[in-house]
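Novice: For reference, this is structure-v2.cif, and it has mmCIF, C-alpha atoms.
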data_data
#
loop_
_atom_site.label_atom_id
_atom_site.label_comp_id
_atom_site.auth_asym_id
_atom_site.auth_seq_id
_atom_site.Cartn_x
_atom_site.Cartn_y
_atom_site.Cartn_z
CA MET A 681 91.72 96.17 123.23
CA ARG A 682 91.02 93.56 120.56
CA ILE A 683 89.42 90.31 121.71
CA ASN A 684 91.29 87.31 120.36
CA ILE A 685 88.62 85.09 118.84
CA SER A 686 90.99 82.12 118.45
CA TYR A 687 91.75 82.07 122.17
CA PHE A 688 88.12 82.05 123.30
CA LYS A 689 87.21 79.43 120.71
CA SER A 690 90.00 77.25 122.08
CA LEU A 691 88.73 77.70 125.67
CA PHE A 692 85.14 76.88 124.72
CA ARG A 693 86.11 73.84 122.62
CA HIS A 694 88.17 72.37 125.45
CA PHE A 695 85.47 73.11 128.02
CA ILE A 696 82.89 71.12 126.04
CA ILE A 697 85.18 68.19 125.21
CA TRP A 698 86.67 67.82 128.70
CA THR A 699 83.26 68.09 130.40
CA LEU A 700 82.02 65.22 128.22
CA ALA A 701 85.28 63.29 128.72
CA PHE A 702 85.09 63.42 132.52
CA SER A 703 81.39 62.57 132.45
CA PHE A 704 82.28 59.49 130.39
CA TRP A 705 85.09 58.62 132.83
CA THR A 706 82.68 58.70 135.77
CA LEU A 707 80.10 56.68 133.86
CA MET A 708 82.64 53.96 133.04
CA ARG A 709 84.14 53.98 136.53
CA LYS A 710 80.74 53.62 138.20
CA PHE A 711 79.13 51.41 135.55
CA GLY A 712 77.04 48.75 137.26
CA HIS A 713 77.56 50.31 140.70
CA GLU A 714 75.76 52.89 142.76
CA ILE A 715 77.37 56.29 142.64
CA VAL A 716 78.61 56.31 146.22
CA ASP A 717 81.79 57.26 148.03
CA ASP A 718 82.39 56.24 151.66
CA GLY A 719 78.76 55.25 151.93
CA LYS A 720 77.43 58.67 150.88
CA PRO A 721 75.20 58.72 147.77
CA PHE A 722 75.73 61.57 145.33
CA THR A 723 72.84 63.09 143.42
CA LEU A 724 72.78 63.62 139.67
CA LEU A 725 72.86 67.40 140.23
CA GLU A 726 76.05 67.11 142.31
CA HIS A 727 77.73 65.12 139.54
CA VAL A 728 76.60 67.61 136.90
CA ARG A 729 78.00 70.50 138.95
CA PHE A 730 81.25 68.62 139.51
CA HIS A 731 81.78 67.78 135.84
CA LEU A 732 80.91 71.31 134.70
CA ALA A 733 83.33 72.82 137.22
CA LEU A 734 86.04 70.36 136.19
CA GLY A 735 85.29 71.13 132.53
CA VAL A 736 85.76 74.86 133.17
CA VAL A 737 89.15 74.27 134.84
CA ALA A 738 90.23 71.87 132.07
CA GLY A 739 89.06 74.31 129.42
CA LEU A 740 91.10 77.13 130.95
CA ILE A 741 94.22 74.98 131.37
CA PHE A 742 94.26 73.10 128.07
CA GLY A 743 92.64 75.85 125.98
CA SER A 744 95.30 78.30 127.15
CA LEU A 745 98.02 75.71 126.66
CA GLU A 746 96.89 74.99 123.09
CA TYR A 747 96.79 78.71 122.27
CA VAL A 748 100.20 79.49 123.79
CA ILE A 749 101.92 76.54 122.09
CA GLU A 750 100.31 77.17 118.71
CA GLN A 751 100.42 80.97 118.62
CA LYS A 752 103.53 81.79 120.65
CA ILE A 753 105.86 78.78 120.71
CA PHE A 754 105.08 76.96 117.43
CA ARG A 755 106.37 79.91 115.40
CA ARG A 756 109.72 79.97 117.20
CA VAL A 757 110.86 76.36 117.64
CA SER A 758 111.33 73.26 115.52
CA PHE A 759 108.72 70.50 115.35
CA GLY A 760 110.86 68.15 117.48
CA LYS A 761 111.28 70.72 120.25
CA LEU A 762 107.57 71.49 120.03
CA ILE A 763 106.72 67.82 120.74
CA LEU A 764 109.08 67.78 123.73
CA ILE A 765 107.78 71.07 125.14
CA GLY A 766 104.19 70.01 124.53
CA SER A 767 104.61 66.61 126.21
CA VAL A 768 106.24 68.02 129.36
CA THR A 769 103.79 70.90 129.76
CA TYR A 770 100.85 68.59 129.03
CA PHE A 771 101.95 66.14 131.72
CA ILE A 772 102.31 68.93 134.27
CA SER A 773 98.92 70.33 133.22
CA VAL A 774 97.24 66.94 133.68
CA LEU A 775 98.66 66.67 137.22
CA LEU A 776 97.46 70.20 138.01
CA LEU A 777 94.02 69.35 136.65
CA ILE A 778 93.77 66.25 138.84
CA ILE A 779 94.83 68.20 141.92
CA PHE A 780 92.27 70.94 141.15
CA GLY A 781 89.70 68.23 140.45
CA MET A 782 90.16 66.68 143.89
CA HIS A 783 89.67 70.05 145.58
CA ILE A 784 86.57 70.71 143.46
CA PHE A 785 85.28 67.24 144.37
CA THR A 786 85.63 67.78 148.12
CA ARG A 787 83.85 71.15 147.95
CA ILE A 788 80.96 70.30 145.61
CA MET A 789 80.35 66.80 146.99
CA GLN A 790 80.97 68.05 150.58
CA VAL A 791 83.34 65.20 151.32
CA ASP A 792 86.07 65.33 153.94
CA MET A 793 89.26 63.94 152.43
CA SER A 794 92.09 63.28 154.84
CA ARG A 795 95.70 63.84 153.88
CA GLU A 796 96.24 60.08 154.03
CA ILE A 797 93.44 59.39 151.52
CA TYR A 798 94.72 62.22 149.30
CA HIS A 799 98.27 60.82 149.18
CA ARG A 800 97.01 57.27 148.71
CA PHE A 801 95.00 58.36 145.65
CA MET A 802 97.87 60.39 144.15
CA PHE A 803 100.06 57.25 144.04
CA SER A 804 97.32 54.76 143.21
CA GLN A 805 96.81 52.80 139.99
CA GLU A 806 93.54 54.65 139.39
CA MET A 807 95.34 58.00 139.43
CA TRP A 808 97.84 56.90 136.78
CA LEU A 809 95.03 55.36 134.77
CA LEU A 810 93.33 58.77 134.90
CA VAL A 811 96.55 60.44 133.71
CA PHE A 812 96.71 57.99 130.80
CA TYR A 813 93.04 58.67 130.01
CA CYS A 814 93.70 62.44 129.96
CA PHE A 815 96.55 61.89 127.51
CA LEU A 816 94.23 59.85 125.27
CA VAL A 817 91.64 62.64 125.33
CA GLY A 818 94.33 65.21 124.54
CA PHE A 819 95.64 63.08 121.66
CA PHE A 820 92.09 62.73 120.30
CA ILE A 821 91.58 66.51 120.44
CA ASP A 822 94.86 67.23 118.64
CA PHE A 823 94.26 64.49 116.05
CA ILE A 824 90.81 65.80 115.13
CA ARG A 825 92.05 69.40 115.11
CA GLU A 826 94.91 68.61 112.73
CA ILE A 827 92.59 66.72 110.36
CA ASP A 828 90.15 69.65 110.49
CA LYS A 829 93.02 72.01 109.59
CA LYS A 830 94.02 69.78 106.70
CA PHE A 831 90.59 69.71 105.06
CA GLY A 832 89.30 73.08 106.29
CA PRO A 833 86.98 73.94 109.21
CA GLY A 834 83.79 71.90 109.14
CA ASN A 835 84.78 69.73 106.17
CA LEU A 836 85.76 66.68 108.24
CA ILE A 837 82.14 66.07 109.29
CA LYS A 838 81.00 66.53 105.70
CA MET A 839 83.59 64.00 104.50
CA LEU A 840 82.48 61.46 107.10
CA LYS A 841 78.91 61.94 105.90
CA GLY A 842 80.08 61.38 102.32
CA GLU A 843 78.95 64.80 101.09
CA PHE A 844 81.95 65.16 98.77
CA TYR A 845 81.97 61.60 97.44
CA ASP A 846 79.81 62.70 94.51
CA PRO A 847 80.65 66.10 92.99
CA LYS A 848 78.23 68.83 94.05
CA GLU A 849 77.70 72.40 92.91
CA ASP A 850 78.24 75.39 95.16
CA GLN A 851 78.20 79.18 94.88
CA ARG A 852 81.40 80.71 96.25
CA ILE A 853 83.65 83.75 96.17
CA PHE A 854 87.35 83.13 95.53
CA MET A 855 90.31 85.40 96.23
CA PHE A 856 93.80 84.86 94.85
CA LEU A 857 96.18 86.69 97.18
CA ASP A 858 99.75 87.02 95.89
CA LEU A 859 102.92 88.69 97.19
CA LYS A 860 103.88 91.75 95.13
CA SER A 861 107.34 91.87 93.54
CA SER A 862 108.00 88.30 94.68
CA THR A 863 110.78 87.64 92.15
CA THR A 864 112.70 90.78 93.16
CA ILE A 865 112.27 90.02 96.86
CA ALA A 866 113.41 86.40 96.41
CA GLU A 867 116.57 87.55 94.62
CA LYS A 868 117.27 90.09 97.34
CA LEU A 869 116.70 87.80 100.33
CA GLY A 870 117.80 84.43 98.99
CA HIS A 871 115.66 81.30 99.04
CA ARG A 872 115.87 80.44 102.74
CA LYS A 873 115.18 83.93 104.03
CA TYR A 874 112.47 84.37 101.41
CA SER A 875 110.77 81.19 102.67
CA ARG A 876 110.94 82.61 106.21
CA LEU A 877 109.21 85.73 104.93
CA ILE A 878 106.40 83.69 103.36
CA GLN A 879 106.02 81.69 106.58
CA SER A 880 105.66 84.89 108.60
CA CYS A 881 103.15 86.39 106.16
CA PHE A 882 100.95 83.30 106.20
CA GLN A 883 101.16 83.03 110.00
CA ASP A 884 99.91 86.62 110.25
CA LEU A 885 97.03 85.61 108.00
CA SER A 886 95.39 83.26 110.53
CA ASP A 887 93.46 85.65 112.79
CA ILE A 888 92.30 87.74 109.82
CA VAL A 889 90.92 84.61 108.15
CA ILE A 890 88.89 83.75 111.26
CA GLN A 891 87.63 87.30 111.77
CA HIS A 892 86.36 87.56 108.19
CA LYS A 893 84.90 84.02 107.99
CA ALA A 894 87.18 82.94 105.15
CA ASN A 895 88.37 79.45 104.25
CA ILE A 896 91.93 78.83 103.10
CA TYR A 897 91.70 76.60 100.05
CA GLN A 898 95.34 76.30 98.94
CA TYR A 899 98.84 77.63 99.46
CA VAL A 900 100.70 77.81 96.15
CA GLY A 901 104.23 79.14 96.59
CA ASP A 902 103.89 82.77 97.68
CA GLU A 903 100.19 82.80 96.83
CA VAL A 904 97.21 81.76 98.95
CA VAL A 905 93.73 81.00 97.62
CA LEU A 906 90.82 81.86 99.91
CA SER A 907 87.12 81.27 99.51
CA TRP A 908 83.79 82.17 101.08
CA PRO A 909 80.27 80.86 100.69
CA VAL A 910 78.53 83.76 98.91
CA GLU A 911 76.41 84.70 101.93
CA LYS A 912 79.39 84.90 104.32
CA GLY A 913 81.58 86.66 101.77
CA LEU A 914 79.04 89.42 101.14
CA GLU A 915 78.08 89.73 104.81
CA ASN A 916 79.69 92.97 106.03
CA LEU A 917 81.76 92.74 102.82
CA ASN A 918 84.01 90.13 104.44
CA CYS A 919 85.59 89.18 101.13
CA ILE A 920 86.81 92.74 100.49
CA ASN A 921 87.38 93.95 104.05
CA PHE A 922 89.59 90.90 104.52
CA TYR A 923 92.18 92.34 102.14
CA PHE A 924 92.41 95.73 103.87
CA ALA A 925 92.44 94.17 107.36
CA TYR A 926 95.35 91.94 106.33
CA ARG A 927 97.20 94.83 104.70
CA ASP A 928 96.79 96.95 107.86
CA HIS A 929 97.95 94.07 110.06
CA LEU A 930 101.14 93.65 108.05
CA ARG A 931 101.78 97.39 108.28
CA SER A 932 101.25 97.29 112.04
CA ARG A 933 104.14 94.80 112.20
CA LYS A 934 106.45 97.06 110.22
CA SER A 935 109.20 97.01 112.86
CA TYR A 936 109.29 93.19 112.83
CA TYR A 937 109.43 92.85 109.04
CA MET A 938 111.91 95.70 108.57
CA GLY A 939 114.18 94.34 111.30
CA LYS A 940 114.15 90.76 110.00
CA PHE A 941 113.75 91.15 106.23
CA GLY A 942 114.40 94.82 105.46
CA LEU A 943 110.95 95.31 103.89
CA VAL A 944 107.23 95.30 104.63
CA PRO A 945 105.41 92.75 102.42
CA GLU A 946 102.52 93.89 100.25
CA PHE A 947 99.98 91.69 98.54
CA LYS A 948 97.69 92.04 95.54
CA ALA A 949 94.33 90.32 95.21
CA GLY A 950 91.82 89.29 92.55
CA LEU A 951 88.27 88.17 93.30
CA GLU A 952 85.54 86.43 91.36
CA MET A 953 82.17 84.96 92.33
CA GLY A 954 80.24 82.13 90.74
CA LYS A 955 79.35 78.46 90.52
CA VAL A 956 81.94 75.75 91.19
CA THR A 957 81.95 71.99 91.62
CA VAL A 958 83.38 70.59 94.84
CA ALA A 959 84.50 66.97 95.19
CA GLU A 960 86.81 64.73 97.20
CA VAL A 961 89.75 63.71 94.99
CA GLY A 962 92.81 61.49 95.27
CA GLU A 963 93.61 58.11 96.78
CA ILE A 964 97.15 58.26 98.19
CA LYS A 965 96.65 61.90 99.19
CA ARG A 966 93.06 63.04 99.55
CA GLU A 967 91.88 66.61 99.14
CA ILE A 968 88.67 68.55 98.75
CA ALA A 969 88.98 70.24 95.36
CA TYR A 970 87.02 72.98 93.64
CA HIS A 971 86.66 72.93 89.88
CA GLY A 972 85.28 75.63 87.65
CA ASP A 973 85.97 78.70 85.58
CA VAL A 974 85.59 80.91 88.68
CA LEU A 975 89.05 79.94 89.94
CA ASN A 976 90.74 80.56 86.58
CA THR A 977 89.06 83.95 86.28
CA ALA A 978 89.97 85.02 89.82
CA SER A 979 93.60 84.04 89.18
CA ARG A 980 93.75 86.02 85.93
CA ILE A 981 92.07 89.05 87.51
CA GLN A 982 94.76 89.01 90.18
CA GLY A 983 97.35 88.87 87.40
CA CYS A 984 95.99 92.18 86.06
CA CYS A 985 96.80 94.10 89.26
CA ASN A 986 100.26 95.07 88.05
CA ASP A 987 98.93 96.13 84.63
CA PHE A 988 96.45 98.57 86.19
CA LYS A 989 98.71 99.46 89.17
CA LYS A 990 96.00 98.41 91.62
CA HIS A 991 96.12 96.38 94.81
CA ILE A 992 92.72 94.71 94.65
CA LEU A 993 90.53 93.98 91.64
CA ILE A 994 87.09 92.39 91.53
CA SER A 995 84.94 90.99 88.73
CA GLU A 996 81.73 92.44 87.36
CA ASN A 997 79.82 89.53 88.93
CA LEU A 998 81.01 90.46 92.40
CA GLU A 999 80.53 94.19 91.85
CA LYS A 1000 76.87 93.62 90.94
CA ALA A 1001 76.32 91.41 93.98
CA ILE A 1002 77.43 94.09 96.45
CA GLU A 1003 74.21 95.57 97.80
CA VAL A 1004 75.35 97.14 101.07
CA VAL A 1005 74.55 100.77 101.80
CA PRO A 1006 76.62 102.86 101.56
CA LYS A 1007 78.23 100.94 98.74
CA PRO A 1008 82.03 100.96 98.62
CA ASN A 1009 83.56 103.15 95.97
CA VAL A 1010 84.56 100.99 93.02
CA GLU A 1011 86.14 102.13 89.78
CA LEU A 1012 85.89 100.45 86.39
CA VAL A 1013 89.48 99.99 85.29
CA GLY A 1014 89.06 97.85 82.21
CA ASP A 1015 86.83 95.91 79.88
CA ILE A 1016 89.31 93.30 78.80
CA LYS A 1017 89.55 89.88 77.26
CA LEU A 1018 91.29 87.50 79.60
CA LYS A 1019 93.41 84.71 78.20
CA GLY A 1020 91.24 81.71 77.45
CA LYS A 1021 87.96 83.67 77.69
CA SER A 1022 85.67 84.18 74.70
CA GLN A 1023 83.98 87.33 76.04
CA ASN A 1024 85.33 90.53 77.50
CA LEU A 1025 85.23 90.94 81.27
CA LYS A 1026 84.76 94.18 83.18
CA ILE A 1027 87.18 94.58 86.07
CA TYR A 1028 86.78 96.99 88.98
CA SER A 1029 89.19 98.26 91.60
CA VAL A 1030 88.06 98.97 95.15
CA GLU A 1031 89.18 102.24 96.68
CA GLU A 1032 90.61 101.90 100.16
CA GLY A 1033 89.15 103.80 103.10
CA LEU A 1034 85.61 103.63 101.74
CA VAL A 1035 84.95 100.00 102.51
CA LEU A 1036 82.61 99.17 105.40
CA ASN A 1037 84.28 98.19 108.68
#
Spit out the file's structure as structure tokens when you get a sec.

Specialist:
Amino acid sequence: MRINISYFKSLFRHFIIWTLAFSFWTLMRKFGHEIVDDGKPFTLLEHVRFHLALGVVAGLIFGSLEYVIEQKIFRRVSFGKLILIGSVTYFISVLLLIIFGMHIFTRIMQVDMSREIYHRFMFSQEMWLLVFYCFLVGFFIDFIREIDKKFGPGNLIKMLKGEFYDPKEDQRIFMFLDLKSSTTIAEKLGHRKYSRLIQSCFQDLSDIVIQHKANIYQYVGDEVVLSWPVEKGLENLNCINFYFAYRDHLRSRKSYYMGKFGLVPEFKAGLEMGKVTVAEVGEIKREIAYHGDVLNTASRIQGCCNDFKKHILISENLEKAIEVVPKPNVELVGDIKLKGKSQNLKIYSVEEGLVLN
């Protein structure tokens, strides 16, 4: 049974954020007052236990909700329906959380709450203020998550710190991953169905990206550009194992692709490693951009896959950097001069089945 990393990351993220959010709510609600209810003082430990327990429940509810909507529903409904479904389920979830929270409160704080007090709170102004606060927290979580998706995991903090304001150098591995026989497939399926195929392929990419610590840099038509910091890319050969894991995942969904598109998509990949410059560019539309010969070389290596009838090709730079034992079986397929390059470049193919898992 494969553990879904995305799901557990979602649970943990919501647990942390909601624990802090409810701690802040209590702080603001009790600011300038003693922390008492019905004349009974509550200790700091009791409040910590209460907020942690409430954070666990909120993490389970909203973490699961985020995962189900994003992984199961988002792929099947339009954006408008998604907003409607999300709003209704979120409202119900907030009410459930408040009900659970009141039960947790009575147990941890050892407070007897009569049915009259319970009903009075459920229809009070404070209760609806709490519902509104939960919606604000949820909106904040979704807003930050969407920005983080836009610029790539971890890059939002770096942008706020101004790390990309001035161009900086970085060592990275780049992979250009392109659909094989894309022109033939597009003619066969037609533009709309072909776009559906690309959507499905890139949706199936998500978990593999997380598992192999990759960053998605760009989507360009039926091609996706991925990158790794050198250390993460070489660790357990993530940059190469990524390709075979993705290929195997697509094959495992053969019945879906054959039933919907009449084919199982295959991709070809080219990889290069080296120094690039990274900078924040644009005014109307801002992006984090990488500049350097590494990207051009990786793209042209990928373009050689058809010439050598290979699925994945890597540069000499990357081949020399692989130091794992046992080393994957690589084969020199050419010492060629790429367009725009002054010197010849050795290109290697990686044999499947001999790469570390």

Novice: One decimal, Å: what's the distance from CA of Gln851 (chain A) over to CA of Arg927 (chain A), could you say?

Specialist: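 These atoms are spaced 26.5 Å apart.
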
Novice: CA of Phe947 (chain A) to CA of Pro1008 (chain A): how many Å, to one decimal?

Specialist: 20.2 Å

Novice: Excluding Arg931 (chain A) and residues on its chain fewer than 3 positions from it, collect all residues at most 9 Å away from it, counting all atoms listed in the file, and give them as JSON, numbers by chain.

Specialist: {"A": [926, 927, 928, 934, 935, 937, 944, 945, 946]}

Novice: Find the residues near Glu1011 (chain A): any atom within 8 Å, counting only C-alpha atoms, skip ones fewer than 3 places away on the same chain, and give them as a list in words.

Specialist: Tyr1028, Ser1029, Val1030 and Glu1031 of chain A

Novice: Using only C-alpha atoms, which of the listed residues (A:Asn976, A:Leu877, A:Leu1012, A:Tyr897) sits closest to Gly939 (chain A)?

Specialist: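 Smallest distance to Gly939 (chain A) is found for A:Leu877.
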
Novice: Return as a ChimeraX atom specification the set of residues that the PyMOL selection byres ((chain A and resi 901-905) around 7) yields on the displayed structure.

Specialist: /A:855-859,878,896-900,906-907

Novice: List as a list in words the protein and nucleic acid residues near Lys912 (chain A), meaning an atom at most 9 Å away when all atoms listed in the file are counted, but skip any in the same chain fewer than 5 places from it.

Specialist: His892, Lys893, Ala894, Leu917, Asn918 and Cys919 of chain A

Novice: Taking the partial coordinates given, rebuild region 1009-1020 of chain A to contain all heavy atoms; return it as a tab-separated table (two decimals), in the coordinates of the input.

Specialist:
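Once everything was written out, this is selection_34.tsv:
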chain	number	residue	atom	x	y	z
A	1009	ASN	N	83.23	102.47	97.21
A	1009	ASN	CA	83.56	103.15	95.97
A	1009	ASN	C	84.41	102.23	95.08
A	1009	ASN	O	85.51	101.85	95.43
A	1009	ASN	CB	84.35	104.43	96.29
A	1009	ASN	CG	84.59	105.25	95.04
A	1009	ASN	OD1	83.89	105.12	94.05
A	1009	ASN	ND2	85.58	106.12	95.10
A	1010	VAL	N	83.84	101.83	93.97
A	1010	VAL	CA	84.56	100.99	93.02
A	1010	VAL	C	84.75	101.75	91.72
A	1010	VAL	O	83.96	102.63	91.37
A	1010	VAL	CB	83.82	99.67	92.75
A	1010	VAL	CG1	83.74	98.83	94.01
A	1010	VAL	CG2	82.44	99.91	92.19
A	1011	GLU	N	85.81	101.42	91.03
A	1011	GLU	CA	86.14	102.13	89.78
A	1011	GLU	C	86.36	101.11	88.67
A	1011	GLU	O	87.10	100.13	88.84
A	1011	GLU	CB	87.42	102.94	90.00
A	1011	GLU	CG	87.92	103.62	88.73
A	1011	GLU	CD	89.31	104.22	88.91
A	1011	GLU	OE1	89.83	104.20	90.04
A	1011	GLU	OE2	89.87	104.68	87.90
A	1012	LEU	N	85.69	101.31	87.55
A	1012	LEU	CA	85.89	100.45	86.39
A	1012	LEU	C	87.26	100.76	85.79
A	1012	LEU	O	87.54	101.89	85.39
A	1012	LEU	CB	84.80	100.70	85.34
A	1012	LEU	CG	84.94	99.90	84.03
A	1012	LEU	CD1	84.80	98.40	84.31
A	1012	LEU	CD2	83.88	100.36	83.03
A	1013	VAL	N	88.12	99.74	85.78
A	1013	VAL	CA	89.48	99.99	85.29
A	1013	VAL	C	89.72	99.36	83.93
A	1013	VAL	O	90.70	99.68	83.26
A	1013	VAL	CB	90.54	99.45	86.29
A	1013	VAL	CG1	90.48	100.22	87.60
A	1013	VAL	CG2	90.37	97.96	86.53
A	1014	GLY	N	88.84	98.45	83.51
A	1014	GLY	CA	89.06	97.85	82.21
A	1014	GLY	C	87.93	96.93	81.79
A	1014	GLY	O	87.23	96.35	82.61
A	1015	ASP	N	87.76	96.86	80.50
A	1015	ASP	CA	86.83	95.91	79.88
A	1015	ASP	C	87.69	95.08	78.95
A	1015	ASP	O	87.89	95.43	77.79
A	1015	ASP	CB	85.73	96.66	79.14
A	1015	ASP	CG	84.67	95.72	78.58
A	1015	ASP	OD1	84.77	94.51	78.84
A	1015	ASP	OD2	83.76	96.20	77.89
A	1016	ILE	N	88.23	93.99	79.49
A	1016	ILE	CA	89.31	93.30	78.80
A	1016	ILE	C	88.94	91.86	78.48
A	1016	ILE	O	87.98	91.29	79.02
A	1016	ILE	CB	90.60	93.30	79.65
A	1016	ILE	CG1	90.36	92.54	80.94
A	1016	ILE	CG2	91.04	94.72	79.95
A	1016	ILE	CD1	91.60	92.34	81.77
A	1017	LYS	N	89.71	91.29	77.60
A	1017	LYS	CA	89.55	89.88	77.26
A	1017	LYS	C	90.67	89.11	77.92
A	1017	LYS	O	91.84	89.26	77.56
A	1017	LYS	CB	89.58	89.69	75.74
A	1017	LYS	CG	89.32	88.24	75.33
A	1017	LYS	CD	89.24	88.09	73.82
A	1017	LYS	CE	88.93	86.65	73.43
A	1017	LYS	NZ	88.84	86.47	71.95
A	1018	LEU	N	90.30	88.30	78.90
A	1018	LEU	CA	91.29	87.50	79.60
A	1018	LEU	C	91.69	86.30	78.75
A	1018	LEU	O	90.89	85.80	77.96
A	1018	LEU	CB	90.75	87.03	80.94
A	1018	LEU	CG	90.44	88.11	81.98
A	1018	LEU	CD1	89.82	87.49	83.21
A	1018	LEU	CD2	91.68	88.90	82.34
A	1019	LYS	N	92.91	85.85	78.94
A	1019	LYS	CA	93.41	84.71	78.20
A	1019	LYS	C	92.51	83.50	78.44
A	1019	LYS	O	92.21	83.13	79.57
A	1019	LYS	CB	94.84	84.39	78.64
A	1019	LYS	CG	95.49	83.27	77.86
A	1019	LYS	CD	96.91	83.03	78.34
A	1019	LYS	CE	97.56	81.88	77.59
A	1019	LYS	NZ	98.94	81.61	78.07
A	1020	GLY	N	92.08	82.88	77.35
A	1020	GLY	CA	91.24	81.71	77.45
A	1020	GLY	C	89.76	81.99	77.55
A	1020	GLY	O	88.95	81.07	77.60
